[in-house]
Amino acid sequence: MSTPSTTEPANLMEAIVSLAKRRGFVFPSSEIYGGLNGFFDYGPLGVELKKNIRDCWWNDMVRRRDDVVGIETSIIMHPKVWEASGHVAGFSDPLVDCKVSKNRYRADQLFFAPVLITGADGVAQTIGYVSALESADTTGELQAAAELMKRKKAVQGTLTAVQPRDFTEAKPEEITQIPSPATGNPDLTPPRAFNMMFQTNVGAMTDASSVAYLRPETAQGMFVDFKNVVDTGRVKLPFGIAQTGKSFRNEITPRNFIFRSREFEQMEMEFFIHEDDDWAKWHRYWINWCKDWLKSIGLPDSHISEFDHLKEKLAFYSKGTTDIMFKFPFGVQELWGIAARGNYDLTQHATASGKPQEIFDEATKKKFVPHVIEPAVGLDRIFLAVLASGYAEEQVTDEKGNTETRTVLRLSPRLAPVKVAVLPLLKNKEALVGRAQALYTKLKRKYPCFYDEAGAVGRRYRRQDEIGTPWCVTIDFDTIEKEGDTFTLRERDSMQQKRITEAELFALLEEQVY
Ligand code: ATP
C-alpha cells in the first residue's frame, strides 16, 4: 500500500449524516412515522460511542479527581426550582414569525444589512435590505444578495461592503423593510420572547397547580442538592458536584443534525469555591482543563478556540463566561461554556426555599454562600465534533496498483465503539477459526471487540475503518504453523501491519484504552 492521500468530501455534513445512518450511529427519531424534528435515536454503534464519551468524562472529571463528586438528580423537579433559577421568567429565545410562510426563526440567528450605494456625487443612499440565516459564511451570502439587488435595481454607484446585524438589533422602521428568508418580502414580525421549557403535568389533575417542567439543564440539580452533598461530609471547599443526563429545550430552530436538538444530554459540573477565593484563577483553570480533555479524546487542537462573552452582554450576576468553540463543518460554534456565576444560584434557592445554603468557615468562624464556576457541555455536540473531525475519505493504492477510496473514522482508541476486530484469514480452516475464536472470547471479557470471518480480508478491514476500529488482528497461517503464536496487527490510520503476540496485544490495549 502506498501512503494514502486524504480528500475532503464535497459536503462533510451530508457524508457524516449518511455514515451515521448507514452504520448505525444515529437515526432520526420515529423515522417510520416521518421523524420528529429535533429528536434523534442512537443506534448500536452510536450508543457505544456516546457511552464511551460519557465514561471518559466521568472517569476524568469525577473518579480520577479527589475534589469532585457525582450525583444523579431527577429530570422533573419541583416547579419552584425553575422559578427561583429564573427559567420560568427568562429562559427564552427571541422568536420571529414570517406572517406569510408561517416559518419561525430565532432572531439572533437571522442576519440583515442595508444595501448602501454611494453615487458619483458622493451621496450614499439605502436602496433596500437583504437578509440571511446564520451559516458558515453569513457575510458572504449577504454581500452576494446586496450585489444582486444593485444589479436588479440597476443603480449606479459604489456598493459599500455589508455590515451584518442580527434581527434583535433591527429598529421598527427596519423591520418593515427586511425581507423574510422564506418569501423575499418584508413579512417578518418584531421579535418576541419564546420560553423554551417543555411543560407537563404531574398527577391526575391537569390544572395550573400540577404544572411541571422537563429540565432545560442539569445544573439546577447540583444547586438544589448542595446541602445534601455537603452534609454527607465527603467534601471540603473547593469542590465540585457533577452529573450527566438528559435536558430538554423546545428550540425554535433545531438544526445541524445533533448539534442543536430538543432532547439532548449534558455533562455539567458546579465547582464551589470560597467567596474570597480568586474566581478568575479557577475560571482559567477549568477552561484549560476542558480544552486539554477535548484533546485527550482526540479532538484536534487546530479546531479548538476560545470566545469571551462581552461583559455588557452577561447576566448581572455573572463575572465572566468563556465558550470553548469548535470548528464544525457549518462554522465555528459553541461546544462548551465555562461560566463564573458568583453565588447567584445558591442565593436564589436559599431565598425561595427559606433554607440557608451556606458553609461554615473555620478560619473566620463565619458562614457564607460559596461561589461557583460551571463548565457545561453537551454530550451530543461532542459526539458530532468527534465524527466531523474524525471523518476522512482517502485515495489508497494497493500493491497491484488499483486505486480506491476508503472511508475512515479516526476515533481515539478511548472512544472507538469497537476496540479490535478479530479476523481469521479463511473461514473454512478449522485451525484458523479455532484460534481466532479463542482470542475473541478472551478479548471480549475486557474490551468491546468484533469477530468477522465474511469476505476478503481487505474488505473486512474497510468495514472496520468506516466505524473507527483502531486495530484489526488477523489469524493467518503463520499463527498456526510457525512458533510464537503471533498474529498480524493492522493499524487503522497508517494501515501498517506487524506481527504481535497475545500478551503484546493486551499490553497495547491496556495502555491506549483508559
Ligand atoms: P446555545 O447558545 O448554543 O443555544 P447555550 O449557551 O444556551 O447554547 P448552555 O445553556 O450554556 O447553552 O448549555 C451548555 C451546553 O449544552 C452547550 O455548550 C451545548 O454544548 C449544550 N447544548 C445546549 N443546548 C443544546 C441543544 N439544543 N442541543 C444540543 N446541545 C445543547
# chains A, B, ... in the order shown; residues from 1 in each chain; ligands from 1

call {"tool": "residues_near_ligand", "arguments": {"ligand": "ligand 1", "cutoff": "7 Å", "atoms": "only C-alpha atoms and all ligand atoms", "output": "list of chain:residue names"}}
result
A:Glu217, A:Arg249, A:Glu251, A:Pro254, A:Ile258, A:Phe259, A:Arg260, A:Ser261, A:Arg262, A:Glu263, A:Phe264, A:Glu265, A:Gln266, A:Glu334, A:Leu335, A:Trp336, A:Gly337, A:Ala376, A:Val377, A:Gly378, A:Leu379, A:Asp380, A:Arg381

call {"tool": "select_by_dssp", "arguments": {"residues": "stretch 281-423 of chain A", "states": "helix (DSSP H, G or I)", "output": "MDAnalysis selection string"}}
result
chainID A and resid 281:296 301:303 311:313 344:353 379:390

call {"tool": "write_last_selection", "arguments": {"atoms": "N, CA and C atoms", "output": "tab-separated table (two decimals), in the first residue's frame"}}
result
chain	number	residue	atom	x	y	z
A	281	LYS	N	-8.79	32.84	38.63
A	281	LYS	CA	-7.79	31.77	38.56
A	281	LYS	C	-8.49	30.42	38.30
A	282	TRP	N	-9.58	30.19	39.05
A	282	TRP	CA	-10.31	28.93	38.87
A	282	TRP	C	-10.99	28.87	37.52
A	283	HIS	N	-11.49	29.99	37.05
A	283	HIS	CA	-12.14	30.05	35.74
A	283	HIS	C	-11.14	29.62	34.67
A	284	ARG	N	-9.95	30.18	34.73
A	284	ARG	CA	-8.90	29.85	33.76
A	284	ARG	C	-8.50	28.37	33.90
A	285	TYR	N	-8.41	27.92	35.16
A	285	TYR	CA	-8.04	26.53	35.40
A	285	TYR	C	-9.03	25.61	34.66
A	286	TRP	N	-10.34	25.88	34.78
A	286	TRP	CA	-11.33	24.98	34.19
A	286	TRP	C	-11.39	25.12	32.67
A	287	ILE	N	-11.14	26.32	32.15
A	287	ILE	CA	-11.09	26.46	30.68
A	287	ILE	C	-9.97	25.57	30.15
A	288	ASN	N	-8.80	25.65	30.79
A	288	ASN	CA	-7.65	24.84	30.33
A	288	ASN	C	-7.93	23.35	30.49
A	289	TRP	N	-8.55	23.00	31.61
A	289	TRP	CA	-8.85	21.59	31.85
A	289	TRP	C	-9.76	21.05	30.73
A	290	CYS	N	-10.78	21.82	30.40
A	290	CYS	CA	-11.74	21.35	29.39
A	290	CYS	C	-11.07	21.22	28.02
A	291	LYS	N	-10.22	22.19	27.67
A	291	LYS	CA	-9.54	22.12	26.38
A	291	LYS	C	-8.61	20.90	26.33
A	292	ASP	N	-7.88	20.67	27.41
A	292	ASP	CA	-6.98	19.51	27.45
A	292	ASP	C	-7.77	18.21	27.36
A	293	TRP	N	-8.93	18.20	28.01
A	293	TRP	CA	-9.73	16.98	27.98
A	293	TRP	C	-10.22	16.69	26.57
A	294	LEU	N	-10.65	17.73	25.87
A	294	LEU	CA	-11.12	17.53	24.48
A	294	LEU	C	-10.00	16.94	23.63
A	295	LYS	N	-8.78	17.42	23.86
A	295	LYS	CA	-7.65	16.88	23.09
A	295	LYS	C	-7.37	15.44	23.50
A	296	SER	N	-7.58	15.12	24.78
A	296	SER	CA	-7.31	13.75	25.25
A	296	SER	C	-8.25	12.73	24.63
A	301	ASP	N	-6.36	20.12	18.09
A	301	ASP	CA	-6.09	21.44	18.65
A	301	ASP	C	-6.48	22.54	17.66
A	302	SER	N	-6.22	22.26	16.36
A	302	SER	CA	-6.48	23.28	15.33
A	302	SER	C	-7.95	23.67	15.24
A	303	HIS	N	-8.86	22.83	15.74
A	303	HIS	CA	-10.30	23.11	15.63
A	303	HIS	C	-10.85	23.80	16.88
A	311	LYS	N	-18.62	41.65	28.36
A	311	LYS	CA	-19.06	41.98	29.72
A	311	LYS	C	-20.48	42.56	29.73
A	312	GLU	N	-20.77	43.46	28.76
A	312	GLU	CA	-22.07	44.14	28.76
A	312	GLU	C	-23.22	43.21	28.37
A	313	LYS	N	-22.90	42.03	27.81
A	313	LYS	CA	-23.98	41.10	27.43
A	313	LYS	C	-24.21	40.02	28.48
A	344	TYR	N	-24.95	33.42	42.80
A	344	TYR	CA	-26.34	33.72	42.41
A	344	TYR	C	-27.29	32.54	42.63
A	345	ASP	N	-26.93	31.37	42.13
A	345	ASP	CA	-27.88	30.24	42.16
A	345	ASP	C	-28.19	29.79	43.58
A	346	LEU	N	-27.16	29.61	44.40
A	346	LEU	CA	-27.41	29.16	45.78
A	346	LEU	C	-28.20	30.22	46.54
A	347	THR	N	-27.89	31.49	46.31
A	347	THR	CA	-28.62	32.56	47.00
A	347	THR	C	-30.09	32.56	46.59
A	348	GLN	N	-30.34	32.38	45.30
A	348	GLN	CA	-31.74	32.35	44.81
A	348	GLN	C	-32.51	31.21	45.50
A	349	HIS	N	-31.89	30.03	45.58
A	349	HIS	CA	-32.59	28.89	46.18
A	349	HIS	C	-32.76	29.07	47.70
A	350	ALA	N	-31.78	29.74	48.32
A	350	ALA	CA	-31.91	29.99	49.77
A	350	ALA	C	-33.11	30.91	50.01
A	351	THR	N	-33.23	31.94	49.20
A	351	THR	CA	-34.33	32.90	49.36
A	351	THR	C	-35.67	32.22	49.08
A	352	ALA	N	-35.74	31.48	47.97
A	352	ALA	CA	-37.03	30.91	47.56
A	352	ALA	C	-37.47	29.77	48.48
A	353	SER	N	-36.53	28.99	48.99
A	353	SER	CA	-36.91	27.83	49.82
A	353	SER	C	-36.93	28.16	51.30
A	379	LEU	N	-23.20	16.51	25.44
A	379	LEU	CA	-22.59	15.24	25.01
A	379	LEU	C	-22.80	15.01	23.51
A	380	ASP	N	-24.01	15.34	23.03
A	380	ASP	CA	-24.30	15.13	21.61
A	380	ASP	C	-23.42	16.04	20.73
A	381	ARG	N	-23.11	17.24	21.27
A	381	ARG	CA	-22.23	18.15	20.49
A	381	ARG	C	-20.83	17.61	20.41
A	382	ILE	N	-20.35	16.98	21.49
A	382	ILE	CA	-19.02	16.38	21.43
A	382	ILE	C	-19.05	15.22	20.43
A	383	PHE	N	-20.12	14.44	20.46
A	383	PHE	CA	-20.30	13.31	19.54
A	383	PHE	C	-20.15	13.81	18.10
A	384	LEU	N	-20.83	14.92	17.79
A	384	LEU	CA	-20.76	15.46	16.43
A	384	LEU	C	-19.36	15.96	16.11
A	385	ALA	N	-18.72	16.62	17.08
A	385	ALA	CA	-17.35	17.12	16.86
A	385	ALA	C	-16.41	15.96	16.58
A	386	VAL	N	-16.61	14.86	17.30
A	386	VAL	CA	-15.77	13.67	17.13
A	386	VAL	C	-15.97	13.08	15.72
A	387	LEU	N	-17.22	12.97	15.29
A	387	LEU	CA	-17.49	12.43	13.95
A	387	LEU	C	-16.92	13.36	12.87
A	388	ALA	N	-17.17	14.68	13.04
A	388	ALA	CA	-16.79	15.63	11.99
A	388	ALA	C	-15.27	15.72	11.83
A	389	SER	N	-14.54	15.71	12.94
A	389	SER	CA	-13.10	15.85	12.80
A	389	SER	C	-12.41	14.51	12.55
A	390	GLY	N	-13.13	13.41	12.80
A	390	GLY	CA	-12.52	12.10	12.59
A	390	GLY	C	-12.78	11.53	11.21

call {"tool": "closest_atom_pairs", "arguments": {"of": "stretch 417-445 of chain A", "to": "stretch 456-465 of chain A", "cutoff": "8 Å", "atoms": "only C-alpha atoms", "output": "JSON lines"}}
result
{"residue": "A:Ala421", "atom": "CA", "partner": "A:Gln464", "partner_atom": "CA", "distance": 7.4}
{"residue": "A:Leu423", "atom": "CA", "partner": "A:Val457", "partner_atom": "CA", "distance": 7.6}
{"residue": "A:Leu425", "atom": "CA", "partner": "A:Val457", "partner_atom": "CA", "distance": 6.7}

call {"tool": "write_last_selection", "arguments": {"atoms": "N, CA, C and O atoms", "output": "PDB file, in the first residue's frame"}}
result
ATOM      1  N   ALA A 421     -10.884  -5.755  15.998  1.00  0.00           N
ATOM      2  CA  ALA A 421     -11.638  -6.766  15.244  1.00  0.00           C
ATOM      3  C   ALA A 421     -10.744  -7.989  15.066  1.00  0.00           C
ATOM      4  O   ALA A 421      -9.559  -7.854  14.788  1.00  0.00           O
ATOM      5  N   LEU A 423     -10.039 -11.355  12.991  1.00  0.00           N
ATOM      6  CA  LEU A 423     -10.359 -11.884  11.663  1.00  0.00           C
ATOM      7  C   LEU A 423      -9.544 -13.145  11.360  1.00  0.00           C
ATOM      8  O   LEU A 423      -8.328 -13.062  11.204  1.00  0.00           O
ATOM      9  N   LEU A 425      -8.073 -15.622   8.746  1.00  0.00           N
ATOM     10  CA  LEU A 425      -7.803 -15.385   7.319  1.00  0.00           C
ATOM     11  C   LEU A 425      -8.835 -16.083   6.424  1.00  0.00           C
ATOM     12  O   LEU A 425      -9.341 -15.497   5.476  1.00  0.00           O
TER      13      LEU A 425
END

call {"tool": "atom_distance", "arguments": {"atom1": "atom CA of A:Phe328", "atom2": "atom CA of A:Ala20"}}
result
16.1 Å

call {"tool": "residues_around", "arguments": {"residues": "A:Ser74", "least_positions_apart": "3", "cutoff": "12 Å", "atoms": "only C-alpha atoms", "output": "short mmCIF file (atom, residue, chain, number, x, y, z; two decimals) with N, CA and C atoms, in the first residue's frame"}}
result
data_model
loop_
_atom_site.label_atom_id
_atom_site.label_comp_id
_atom_site.auth_asym_id
_atom_site.auth_seq_id
_atom_site.Cartn_x
_atom_site.Cartn_y
_atom_site.Cartn_z
N ILE A 71 -23.47 13.06 41.17
CA ILE A 71 -24.83 12.77 41.62
C ILE A 71 -25.70 12.50 40.38
N MET A 77 -38.39 18.24 38.37
CA MET A 77 -38.13 18.70 39.74
C MET A 77 -39.30 19.59 40.17
N HIS A 78 -39.27 20.00 41.43
CA HIS A 78 -40.32 20.89 41.92
C HIS A 78 -40.37 22.16 41.05
N TYR A 213 -42.06 20.95 34.75
CA TYR A 213 -41.24 21.16 33.54
C TYR A 213 -40.23 20.04 33.38
N LEU A 214 -39.95 19.68 32.14
CA LEU A 214 -38.79 18.83 31.87
C LEU A 214 -37.57 19.74 31.99
N ARG A 215 -36.56 19.31 32.73
CA ARG A 215 -35.45 20.24 33.00
C ARG A 215 -34.76 20.70 31.70
N GLU A 217 -31.78 22.12 31.85
CA GLU A 217 -30.35 21.95 32.12
C GLU A 217 -30.23 21.04 33.34
N THR A 218 -29.07 20.41 33.50
CA THR A 218 -28.91 19.53 34.65
C THR A 218 -28.38 20.29 35.86
N ALA A 219 -27.85 21.50 35.62
CA ALA A 219 -27.13 22.25 36.66
C ALA A 219 -27.94 22.48 37.94
N GLN A 220 -29.24 22.77 37.78
CA GLN A 220 -30.01 23.11 38.98
C GLN A 220 -30.06 21.95 39.98
N GLY A 221 -29.93 20.72 39.48
CA GLY A 221 -29.89 19.56 40.38
C GLY A 221 -28.74 19.67 41.37
N MET A 222 -27.61 20.17 40.91
CA MET A 222 -26.43 20.31 41.77
C MET A 222 -26.65 21.40 42.83
N VAL A 224 -29.63 22.46 44.01
CA VAL A 224 -30.70 22.07 44.93
C VAL A 224 -30.22 20.99 45.91
N ASP A 225 -29.29 20.15 45.47
CA ASP A 225 -28.75 19.10 46.35
C ASP A 225 -27.46 19.52 47.06
N GLN A 243 -22.86 15.99 37.20
CA GLN A 243 -23.80 14.97 36.74
C GLN A 243 -23.91 14.99 35.22
N THR A 244 -24.34 13.85 34.69
CA THR A 244 -24.65 13.78 33.26
C THR A 244 -26.12 13.38 33.16
N GLY A 245 -26.78 13.84 32.12
CA GLY A 245 -28.17 13.41 31.96
C GLY A 245 -28.89 14.22 30.91
N LYS A 246 -30.12 13.79 30.62
CA LYS A 246 -30.92 14.41 29.57
C LYS A 246 -31.42 15.79 29.97
N SER A 247 -31.42 16.71 29.01
CA SER A 247 -32.06 18.01 29.17
C SER A 247 -32.96 18.23 27.96
#

call {"tool": "residues_around", "arguments": {"residues": "A:Phe91", "least_positions_apart": "2", "cutoff": "7 Å", "atoms": "only C-alpha atoms", "output": "VMD selection string"}}
result
chain A and resid 87 to 89 195 to 196

call {"tool": "closest_atom_pairs", "arguments": {"of": "stretch 287-369 of chain A", "to": "stretch 126-144 of chain A", "cutoff": "12 Å", "atoms": "only C-alpha atoms", "output": "tab-separated table"}}
result
residue	atom	partner	partner_atom	distance
A:Lys327	CA	A:Ala136	CA	9.9
A:Phe328	CA	A:Ala136	CA	9.1
A:Pro329	CA	A:Ala136	CA	8.0
A:Phe330	CA	A:Ala136	CA	5.0
A:Gly331	CA	A:Ala136	CA	4.3
A:Val332	CA	A:Ala136	CA	7.6
A:Gln333	CA	A:Ala136	CA	9.6

call {"tool": "residues_around", "arguments": {"residues": "A:Lys498", "least_positions_apart": "6", "cutoff": "9 Å", "atoms": "only C-alpha atoms", "output": "PyMOL selection string"}}
result
chain A and resi 487-491

call {"tool": "select_by_dssp", "arguments": {"residues": "stretch 103-351 of chain A", "states": "strand (DSSP E or B)", "output": "MDAnalysis selection string"}}
result
chainID A and resid 104:106 110:118 124:133 158:159 165:166 188 192:195 199:201 211:214 239:248 255 260 263:273 304:308 320:328 331:342

call {"tool": "residues_around", "arguments": {"residues": "stretch 117-122 of chain A", "least_positions_apart": "6", "cutoff": "12 Å", "atoms": "only C-alpha atoms", "output": "VMD selection string"}}
result
chain A and resid 128 to 129 146 to 147 149 to 151 153 to 162

call {"tool": "residues_around", "arguments": {"residues": "A:Lys427", "least_positions_apart": "5", "cutoff": "9 Å", "atoms": "only C-alpha atoms", "output": "PyMOL selection string"}}
result
chain A and resi 432-433+453-455

call {"tool": "atom_distance", "arguments": {"atom1": "atom CA of A:Ala392", "atom2": "atom CA of A:Ser494"}}
result
13.0 Å

call {"tool": "closest_residue", "arguments": {"among": "A:Leu49, A:Leu12, A:Val372, A:Val211", "to": "A:Thr469", "atoms": "only C-alpha atoms"}}
result
A:Leu49
